[in-house]
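Worksheet: the structure to be examined is printed underneath.
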Amino acid sequence: MNNPPPETRTDPDDETLPCGRLLSQVWADWEEGVHDEHTAQCAHCRLAVADLERLESQVRALDSDPAQQPVDAASFIDRVMDVVRLELRPGRPLPLGEADEDLRIMENVAARTLRQAAEEVPGVRAGSCRLTLADAPGGTPVNVDLSVHVPLTTPDVQALAQEIRDRVGVTAHERLGLHLGEIDVRITDLVSEDEDEAAPRSAQEGSAP
Amino acid sequence: MTGNPPPGEPPDVEGERSDDTLMTERAAEGDEDAFAVLVRRHAPALLRLATRLLGDRAEAEDAVQEAFVGAWRSLPEFQGRSSFGTWMYRIVTNRCLNTLRARRPQAPLNELPDLPAPAYTTAPDRITEGRAALHDVQEALSTLSPEQRICWTLRTLDGRSYAFIAKTVGISEQAVRARVFRARRQLTHSLGAWQ
């Protein structure tokens with residue numbers, strides 16, 4: 001069934017071996033582990049397969065050449081981040097304190113602080129944290145839209161969401177002096193503990209000295 | 001990080017993929033520390049990929065660096081339809097393809113990769129038992145067209161499925177199979193003829 005007649009050749013670079021089989025088919029069968037009686041006995045097919053096998057072993061030797069292997073990626077990573085830090089996106093300035101105070105905090109800095117606050121709740125990992133200015137009289141509160149991953153084993157997801165909301169609200173008020181309007185917590189994934197272990201709380205690594 | 005990812009699978013671990021989603025969201029919102037986590041996590045595999053595709057460590061570093069910086073710029077528009085790892089794999093592969101295309105005019109004039117390989121069955125010298133030197137393999141690789149080289153490398157060295165390569169490069173699976181076949185034919189001939 002894997003032995004198309006020569007006239008099915010569609011690639012002009014393909015070749016019909018003297019036994020009538022297409023070279024492309026012989027190699028494809030080898031790659032997919034397809035064996036039949038013909039291939040096992042045909043000298044032409046076996047020769048074609050032997051050539052491909054030698055090629056594969058030669059290039060694997062090339063691939064294991066130590067000169068080809070990245071040795072230490074640390075300096076490379078530093079270089080990439082140096083370029084990235086020349087192009088920061090700090091976001092908009094957000095109002096802090098009372099309406100008559102002229103204090104501002106950059107959106108990014110506030111978002112980072114609020115994510116950290118959410119992550120103080122055990123097992124919670126924070127992702128997107130969008131801050132928008134609410135249109136309200138007597139000041140400009142800021143609405144928060146926070147997405148989080150929480151443990152699969154959480155007994156009461158709603159209670160956990162409320163705990164996150166409380167923690168974010170308190171942090172915004174006490175640590176930043178930011179007036180929050182609505183705090184919207186979206187749970188975007190329930191994560192098993194195995195996954196949690198595989199994903200270290202590494203978001204703050206970059207700011208470590 | 002050692003070893004190859006399983007064929008056809010993105011190089012993510014399940015837990016890292018979940019965490020990557022969060023880090024990608026943060027980075028899209030301008031959190032450079034989250035982006036640093038992603039760079040640290042994905043740089044080794046991407047450097048290995050680019051080095052395989054280009055055969056040159058310095059060029060590979062340039063390609064991966066440009067890919068990361070480009071990703072940082074376009075993250076706010078990243079829709080998250082694929083994982084960060086898959087997205088970067090695609091960006092790096094296509095950047096390497098462009099690097100190989102730009103490199104072509106400097107290739108020796110006596111090596112014209114687009115000429116059809118001499119008839120396989122009538123090739124005078126088949127690959128012998130002796131192992132070709134590594135630089136012979138590199139030389140042989142340089143005779144491939146950039147498109148052939150990319151498809152062949154992803155298949156043979158990176159162990160990817162034809163379907164995965166088709167999606168990464170943006171061509172049909174049949175076209176990938178044809179390119180890999182032509183690359184193999186060219187390479188077996190080149191290396192055989194140099195014994």
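The chains in the structure tokens are called A, B, ... from first to last as shown; in each chain the residues are counted from 1, and the ligands are counted from 1 in the order shown.
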Problem set entry | Within 6 Å of region 16-29 of chain B using only C-alpha atoms, minus same-chain residues under 5 positions, as a PyMOL selection string | (chain A and resi 127-128+199) or (chain B and resi 34-35+75-76)
File dump, residues just selected, N, CA and C atoms, as a PDB file, in the first residue's frame:
```
ATOM      1  N   GLY A 127      -1.827  38.062  37.380  1.00  0.00           N
ATOM      2  CA  GLY A 127      -1.412  38.362  36.000  1.00  0.00           C
ATOM      3  C   GLY A 127      -1.743  39.791  35.661  1.00  0.00           C
ATOM      4  N   SER A 128      -2.684  39.952  34.756  1.00  0.00           N
ATOM      5  CA  SER A 128      -3.060  41.294  34.315  1.00  0.00           C
ATOM      6  C   SER A 128      -3.624  42.114  35.468  1.00  0.00           C
ATOM      7  N   ALA A 199       6.126  26.282  38.842  1.00  0.00           N
ATOM      8  CA  ALA A 199       6.215  27.693  38.499  1.00  0.00           C
ATOM      9  C   ALA A 199       6.570  28.489  39.741  1.00  0.00           C
TER      10      ALA A 199
ATOM     11  N   ALA B  34       8.571  40.990  34.791  1.00  0.00           N
ATOM     12  CA  ALA B  34       7.889  39.789  34.289  1.00  0.00           C
ATOM     13  C   ALA B  34       8.498  39.371  32.949  1.00  0.00           C
ATOM     14  N   PHE B  35       8.822  40.366  32.132  1.00  0.00           N
ATOM     15  CA  PHE B  35       9.444  40.028  30.841  1.00  0.00           C
ATOM     16  C   PHE B  35      10.810  39.382  31.052  1.00  0.00           C
ATOM     17  N   LEU B  75       4.171  43.124  22.465  1.00  0.00           N
ATOM     18  CA  LEU B  75       3.377  42.428  23.486  1.00  0.00           C
ATOM     19  C   LEU B  75       2.024  43.088  23.778  1.00  0.00           C
ATOM     20  N   PRO B  76       1.934  44.435  23.792  1.00  0.00           N
ATOM     21  CA  PRO B  76       0.617  45.020  24.067  1.00  0.00           C
ATOM     22  C   PRO B  76      -0.452  44.572  23.072  1.00  0.00           C
TER      23      PRO B  76
END
```
For this session: Report as a VMD selection string: the residues of region 21-144 of chain A with a DSSP assignment of strand (DSSP E), based on the backbone of this structure.
Result: chain A and resid 93 to 96 103 to 106 125 to 133 142 to 144
For this session: Find the spatial neighbours of Arg179 (chain B), counting only C-alpha atoms, within a cut-off of 8 Å - ignore same-chain residues fewer than 4 positions away - and output them as a count of residues only.
Result: 6
Exercise. Restricting the calculation to only C-alpha atoms, which member of B:Gln186, B:Gln174, B:Ser161, B:Gln65 is positioned closest to Ile91 (chain B)?
Worked result: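 Under the stated criterion, the closest residue is B:Gln65.
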Exercise. Of the residues A:Arg54, A:Arg21, A:Arg167, A:Arg186, which is the one nearest to His38 (chain A), using only C-alpha atoms?
Worked result: A:Arg21
For this session: Could you tell me which of A:Glu87, A:Glu193, A:Glu98, A:Asp51 comes closest to Ser190 (chain B) if we count only C-alpha atoms?
Result: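 Residue with the minimum atom-to-atom distance to Ser190 (chain B): A:Asp51.
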Exercise. Which of these, A:Leu160, A:Ile77, A:Val148, A:Ile187, has the shortest distance to Arg115 (chain A) once you count only C-alpha atoms?
Worked result: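 Nearest candidate to Arg115 (chain A) out of A:Leu160, A:Ile77, A:Val148, A:Ile187: A:Val148.
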Exercise. When distances are computed from only C-alpha atoms, which of A:Arg79, A:Arg165, A:Arg60, A:Arg104 shows the smallest separation from Glu66 (chain B)?
Worked result: A:Arg79
